[in-house]
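**Q** Dropping in run-v9.txt, which is compact mmCIF, C-alpha atoms:
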# COMPACT_ATOMS: atom_id res chain seq x y z
CA MET A 18 75.31 22.98 -65.75
CA SER A 19 75.21 21.20 -69.07
CA LEU A 20 78.32 20.29 -70.96
CA ILE A 21 78.68 19.34 -74.58
CA SER A 22 82.03 18.34 -76.03
CA ARG A 23 83.52 19.56 -79.27
CA LYS A 24 83.85 15.91 -80.25
CA GLU A 25 80.06 15.53 -80.11
CA ILE A 26 79.61 18.60 -82.30
CA ARG A 27 82.23 17.40 -84.78
CA GLU A 28 80.42 14.07 -85.07
CA TYR A 29 77.11 15.89 -85.51
CA ILE A 30 78.59 18.02 -88.30
CA PHE A 31 80.21 15.11 -90.14
CA THR A 32 77.08 12.95 -89.92
CA ASN A 33 74.83 15.70 -91.26
CA LEU A 34 77.24 16.34 -94.12
CA GLY A 35 77.03 12.72 -95.25
CA TRP A 36 79.84 10.91 -93.45
CA PRO A 37 80.59 7.96 -93.51
CA THR A 38 78.68 7.46 -96.79
CA VAL A 39 80.66 10.22 -98.49
CA ASN A 40 83.90 11.95 -97.67
CA VAL A 41 83.73 15.28 -95.83
CA GLU A 42 86.70 17.40 -96.85
CA LEU A 43 87.06 19.44 -93.69
CA ALA A 44 90.19 19.57 -91.51
CA PRO A 45 90.10 19.70 -87.68
CA GLU A 46 91.27 23.33 -87.81
CA GLN A 47 88.25 24.26 -89.91
CA LEU A 48 85.86 22.51 -87.56
CA LYS A 49 87.42 24.31 -84.60
CA ILE A 50 86.83 27.66 -86.30
CA ALA A 51 83.21 26.73 -87.05
CA ILE A 52 82.53 25.75 -83.43
CA ASP A 53 84.32 28.79 -82.01
CA GLN A 54 82.35 31.04 -84.34
CA ALA A 55 79.10 29.51 -83.09
CA ILE A 56 80.06 30.14 -79.46
CA ILE A 57 81.20 33.71 -80.16
CA GLU A 58 78.00 34.44 -82.08
CA TYR A 59 75.91 32.96 -79.26
CA LEU A 60 77.58 35.22 -76.70
CA GLY A 61 78.10 38.30 -78.85
CA THR A 62 74.49 38.71 -79.90
CA GLY A 63 73.49 39.20 -76.29
CA ALA A 64 72.30 35.70 -75.45
CA PHE A 65 74.94 35.20 -72.78
CA GLU A 66 73.82 33.37 -69.68
CA THR A 67 73.69 35.19 -66.40
CA ALA A 68 74.49 33.60 -63.05
CA TYR A 69 74.48 34.89 -59.48
CA ILE A 70 76.68 33.87 -56.57
CA GLN A 71 76.51 34.94 -52.95
CA ILE A 72 80.00 35.23 -51.46
CA PRO A 73 80.30 35.45 -47.65
CA VAL A 74 82.37 38.27 -46.13
CA ASN A 75 84.77 36.40 -43.87
CA ASN A 76 87.14 39.28 -43.24
CA ALA A 77 85.60 42.67 -42.48
CA SER A 78 88.81 44.47 -43.50
CA SER A 79 89.22 42.75 -46.87
CA ASN A 80 87.72 43.72 -50.20
CA VAL A 81 89.13 40.78 -52.22
CA PHE A 82 86.95 37.79 -53.17
CA ASP A 83 87.59 34.68 -55.24
CA LEU A 84 85.37 34.30 -58.29
CA PRO A 85 84.09 31.02 -59.75
CA GLU A 86 86.09 29.86 -62.77
CA GLU A 87 83.02 30.00 -64.99
CA ALA A 88 82.68 33.77 -64.50
CA ALA A 89 83.42 35.59 -67.75
CA THR A 90 82.32 39.21 -67.18
CA ILE A 91 81.17 40.78 -63.91
CA LYS A 92 77.91 42.61 -64.54
CA GLY A 93 77.07 43.81 -61.05
CA VAL A 94 78.02 43.68 -57.37
CA THR A 95 75.72 44.61 -54.52
CA PHE A 96 75.67 44.53 -50.74
CA ASN A 97 74.16 46.60 -47.97
CA ILE A 98 75.98 49.89 -47.36
CA PRO A 99 74.85 51.75 -44.23
CA PHE A 100 75.16 55.49 -44.85
CA GLU A 101 77.23 56.01 -41.74
CA THR A 102 79.66 53.31 -42.85
CA ALA A 103 80.06 54.77 -46.30
CA ALA A 104 80.57 58.22 -44.81
CA GLY A 105 83.12 56.98 -42.27
CA SER A 106 81.03 58.05 -39.30
CA THR A 107 79.45 56.34 -36.32
CA GLN A 108 76.10 57.95 -37.10
CA ASP A 109 74.12 58.78 -40.19
CA ILE A 110 75.39 62.28 -40.85
CA PHE A 111 73.13 62.42 -43.90
CA SER A 112 69.95 61.93 -41.89
CA PHE A 113 66.94 63.72 -43.36
CA ALA A 114 66.12 65.06 -39.89
CA VAL A 115 69.11 67.41 -40.18
CA TYR A 116 67.66 68.86 -43.36
CA ALA A 117 64.06 68.97 -42.15
CA SER A 118 64.66 70.58 -38.76
CA PRO A 119 64.52 74.24 -39.93
CA PHE A 120 60.96 73.71 -41.10
CA GLY A 121 59.73 71.97 -37.98
CA PRO A 122 57.77 68.75 -37.60
CA ASN A 123 54.32 70.26 -38.18
CA TYR A 124 53.25 68.79 -41.55
CA THR A 125 49.69 70.06 -41.17
CA ASN A 126 50.95 73.40 -42.38
CA PHE A 127 50.95 73.39 -46.17
CA VAL A 128 53.94 75.72 -46.43
CA HIS A 129 55.97 73.54 -44.08
CA ALA A 130 54.95 70.40 -45.98
CA ALA A 131 55.95 71.90 -49.33
CA GLY A 132 59.20 73.12 -47.84
CA ASN A 133 60.02 69.71 -46.43
CA LEU A 134 59.27 68.07 -49.76
CA GLY A 135 61.69 70.42 -51.56
CA VAL A 136 64.39 69.85 -48.96
CA PHE A 137 63.82 66.10 -49.13
CA PHE A 138 64.67 66.09 -52.82
CA GLU A 139 67.74 68.19 -52.10
CA TYR A 140 68.68 65.70 -49.39
CA LEU A 141 68.44 62.79 -51.84
CA GLN A 142 70.55 64.58 -54.42
CA ASN A 143 73.25 65.55 -51.91
CA ARG A 144 73.34 62.11 -50.32
CA ASN A 145 73.71 60.36 -53.66
CA ARG A 146 76.25 62.90 -54.84
CA VAL A 147 78.46 62.47 -51.78
CA ILE A 148 78.22 58.79 -50.92
CA GLY A 149 75.36 57.30 -52.92
CA ASN A 150 74.94 53.56 -53.19
CA THR A 151 77.61 53.20 -55.86
CA ILE A 152 79.77 50.08 -55.65
CA THR A 153 82.81 49.82 -57.89
CA TRP A 154 84.97 46.81 -58.64
CA LYS A 155 87.73 45.39 -60.78
CA VAL A 156 88.88 41.85 -61.57
CA VAL A 157 92.52 40.75 -61.44
CA ASP A 158 93.54 37.09 -61.90
CA ASN A 159 90.00 35.88 -61.25
CA GLN A 160 89.81 37.82 -57.99
CA LEU A 161 87.20 40.51 -57.41
CA TYR A 162 88.26 43.77 -55.74
CA VAL A 163 85.30 45.72 -54.31
CA TRP A 164 84.96 49.32 -53.10
CA PRO A 165 83.85 50.42 -50.58
CA ILE A 166 84.98 47.58 -48.29
CA PRO A 167 81.86 45.63 -47.21
CA ARG A 168 82.69 45.91 -43.50
CA ASN A 169 79.23 45.29 -42.04
CA ALA A 170 77.77 43.19 -44.83
CA PRO A 171 77.41 39.44 -44.18
CA SER A 172 77.88 38.70 -47.89
CA ILE A 173 78.05 40.23 -51.35
CA LEU A 174 75.93 39.25 -54.35
CA VAL A 175 77.76 39.05 -57.67
CA GLU A 176 76.05 38.96 -61.07
CA TYR A 177 78.17 37.64 -63.94
CA SER A 178 77.94 36.27 -67.44
CA LYS A 179 79.05 32.67 -67.81
CA ASN A 180 82.05 31.51 -69.80
CA ALA A 181 80.62 29.24 -72.49
CA PHE A 182 84.03 27.87 -73.42
CA GLY A 183 83.96 25.64 -70.35
CA VAL A 184 86.21 25.43 -67.32
CA GLU A 185 86.85 21.69 -67.29
CA ASP A 186 88.85 20.34 -70.24
CA LYS A 187 88.70 23.79 -71.79
CA ASP A 188 89.88 22.51 -75.17
CA GLU A 189 86.92 20.14 -75.45
CA ASN A 190 83.97 21.01 -73.24
CA ILE A 191 81.48 23.80 -73.87
CA SER A 192 79.57 25.02 -70.82
CA ILE A 193 75.96 25.97 -71.56
CA SER A 194 73.29 25.58 -68.89
CA ASN A 195 70.31 25.18 -71.22
CA GLN A 196 69.51 22.73 -73.97
CA TRP A 197 68.31 25.47 -76.31
CA GLY A 198 71.75 27.07 -76.34
CA ILE A 199 73.47 23.74 -76.94
CA ASN A 200 71.21 22.98 -79.90
CA TRP A 201 71.70 26.46 -81.34
CA ILE A 202 75.50 26.22 -81.18
CA ARG A 203 75.37 22.79 -82.78
CA LYS A 204 73.19 24.01 -85.66
CA PHE A 205 75.20 27.20 -86.23
CA ALA A 206 78.48 25.25 -86.32
CA LEU A 207 76.93 22.94 -88.92
CA ALA A 208 75.72 25.86 -91.03
CA THR A 209 79.17 27.46 -90.91
CA SER A 210 80.79 24.14 -91.81
CA LYS A 211 78.52 23.84 -94.84
CA GLY A 212 79.84 27.15 -96.14
CA MET A 213 83.43 26.05 -95.59
CA LEU A 214 82.85 22.70 -97.29
CA GLY A 215 81.11 24.41 -100.20
CA LYS A 216 84.11 26.64 -100.77
CA VAL A 217 86.47 23.65 -100.61
CA ARG A 218 84.41 21.67 -103.10
CA GLY A 219 84.10 24.73 -105.30
CA LYS A 220 87.77 24.31 -106.18
CA TYR A 221 86.85 21.23 -108.18
CA SER A 222 83.95 20.66 -110.55
CA GLN A 223 84.11 16.86 -110.40
CA VAL A 224 85.99 14.11 -108.58
CA SER A 225 86.42 10.42 -109.31
CA GLY A 226 85.13 7.66 -107.08
CA GLY A 227 81.53 7.28 -108.20
CA PRO A 228 79.81 3.94 -108.95
CA GLY A 229 81.77 2.04 -111.59
CA GLY A 230 84.61 4.53 -111.38
CA GLU A 231 82.49 7.35 -112.76
CA SER A 232 83.18 10.93 -111.81
CA GLN A 233 80.94 12.71 -109.29
CA THR A 234 79.60 16.26 -109.52
CA LEU A 235 80.14 18.16 -106.27
CA ASN A 236 77.39 20.16 -104.53
CA SER A 237 79.45 23.29 -103.86
CA ALA A 238 76.83 25.89 -104.82
CA GLU A 239 74.10 24.09 -102.92
CA LEU A 240 76.16 23.95 -99.72
CA VAL A 241 77.11 27.63 -99.89
CA ALA A 242 73.49 28.68 -100.48
CA GLU A 243 72.23 26.50 -97.61
CA SER A 244 74.92 27.91 -95.32
CA LYS A 245 73.96 31.54 -95.98
CA GLU A 246 70.25 30.86 -95.52
CA GLU A 247 70.67 28.82 -92.33
CA ILE A 248 73.08 31.30 -90.75
CA ALA A 249 70.64 34.17 -91.38
CA LEU A 250 67.73 32.20 -89.90
CA LEU A 251 69.74 31.11 -86.87
CA LYS A 252 70.87 34.68 -86.14
CA GLU A 253 67.26 35.82 -86.28
CA GLU A 254 66.23 32.95 -84.02
CA LEU A 255 68.94 33.89 -81.52
CA PHE A 256 67.91 37.55 -81.55
CA ASP A 257 64.30 36.58 -80.81
CA HIS A 258 65.34 34.23 -78.03
CA LYS A 259 67.89 36.39 -76.21
CA SER A 260 65.29 38.16 -74.07
CA HIS A 261 64.68 34.84 -72.31
CA THR A 262 68.06 34.75 -70.60
CA GLN A 263 68.77 31.67 -68.53
CA PHE A 264 70.18 32.25 -65.05
CA PHE A 265 71.08 30.21 -62.04
CA ILE A 266 71.90 31.14 -58.46
CA ASP A 267 74.93 29.40 -56.97
CA SER A 268 75.77 29.36 -53.31
Just dump the structure as structure tokens.
**A**
Amino acid sequence: MSLISRKEIREYIFTNLGWPTVNVELAPEQLKIAIDQAIIEYLGTGAFETAYIQIPVNNASSNVFDLPEEAATIKGVTFNIPFETAAGSTQDIFSFAVYASPFGPNYTNFVHAAGNLGVFFEYLQNRNRVIGNTITWKVVDNQLYVWPIPRNAPSILVEYSKNAFGVEDKDENISISNQWGINWIRKFALATSKGMLGKVRGKYSQVSGGPGGESQTLNSAELVAESKEEIALLKEELFDHKSHTQFFIDS
């Protein structure tokens, strides 16, 4: 997993806006909003990162499992469900043989074969309607509750989206497992910061402090225009890239 700190992004933003050669009139609160907006945009557009973890079933009577701290949203849970287990029976009461028996085993007879095919589809519909392979779950306090109880399964496989806000030093670190995502967040935070700085500088037409004490003309309009253009391009870039989701399997 790759980590980038907010401090690194703040330095990147300030340097690209001209610091330390010129003053950058942005407060820490504004930079925090710009960085948060970049993370939210990265996740909200669909470019979240997917991870998988295999959790062993240590207690056959328990349906509660601890989730990794980086898990943001559970997208799927799967494990082997024998039909007899799901139905609460010692044998597969939904065996196709029970449905097929009235027609007999002779598939050389066309009528019998067609009859068995029709009953087979009915069997599938009834089986899925009654017990199916549906697994449901809920998350409470970072614990996963799974139904039905995975009594005979050695483990469960959990698919989840990763929390990009980081789990270590949550106020500083950003957790992204690919360099592309890190670069995108950095660039989007800079583009957002340009818009903020442009609005701040738009309050004043000129400031003192130029060479020889001369006044300086601020680049408010230029910054705002660059911000809008860069944000639009970055959103398009993210949309094009989101189909290439990064994922990792943890054990």
**Q** Would you mind listing what lies within 12 Å of Ala249 in chain A as a PyMOL selection string, with only C-alpha atoms counted and same-chain residues fewer than 6 positions away left out?
**A** chain A and resi 58+204-205+208-209+242-243+255-256
**Q** For a test of reading the model, state the distance in Å between CA of Ala170 in chain A and CA of Leu84 in chain A, rounded to one decimal.
**A** 17.8 Å
**Q** Could you tell me which of A:Leu207, A:Val81, A:Leu34, A:Ala55 comes closest to Ile191 in chain A if we count all atoms listed in the file?
**A**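 Once distances to Ile191 in chain A are computed over all atoms listed in the file, the minimum belongs to A:Ala55.
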**Q** Using Å and a single decimal, report how far CA of Val217 in chain A sits from CA of Val39 in chain A.
**A** 14.8 Å
**Q** Given the point (77.9, 36.9, -63.2) in the file's coordinates, find the residues that have an atom at most 7 Å from it, counting only C-alpha atoms, and give them as a CSV table (one decimal) with C-alpha atoms, keeping the file's coordinate frame.
**A**
chain,number,residue,atom,x,y,z
A,67,THR,CA,73.7,35.2,-66.4
A,68,ALA,CA,74.5,33.6,-63.0
A,69,TYR,CA,74.5,34.9,-59.5
A,88,ALA,CA,82.7,33.8,-64.5
A,90,THR,CA,82.3,39.2,-67.2
A,91,ILE,CA,81.2,40.8,-63.9
A,92,LYS,CA,77.9,42.6,-64.5
A,175,VAL,CA,77.8,39.0,-57.7
A,176,GLU,CA,76.0,39.0,-61.1
A,177,TYR,CA,78.2,37.6,-63.9
A,178,SER,CA,77.9,36.3,-67.4
A,179,LYS,CA,79.0,32.7,-67.8
**Q** Between A:Phe96, A:Leu48, A:Leu214, A:Val163, which is the closest to Glu25 in chain A once you count all atoms listed in the file?
**A** A:Leu48
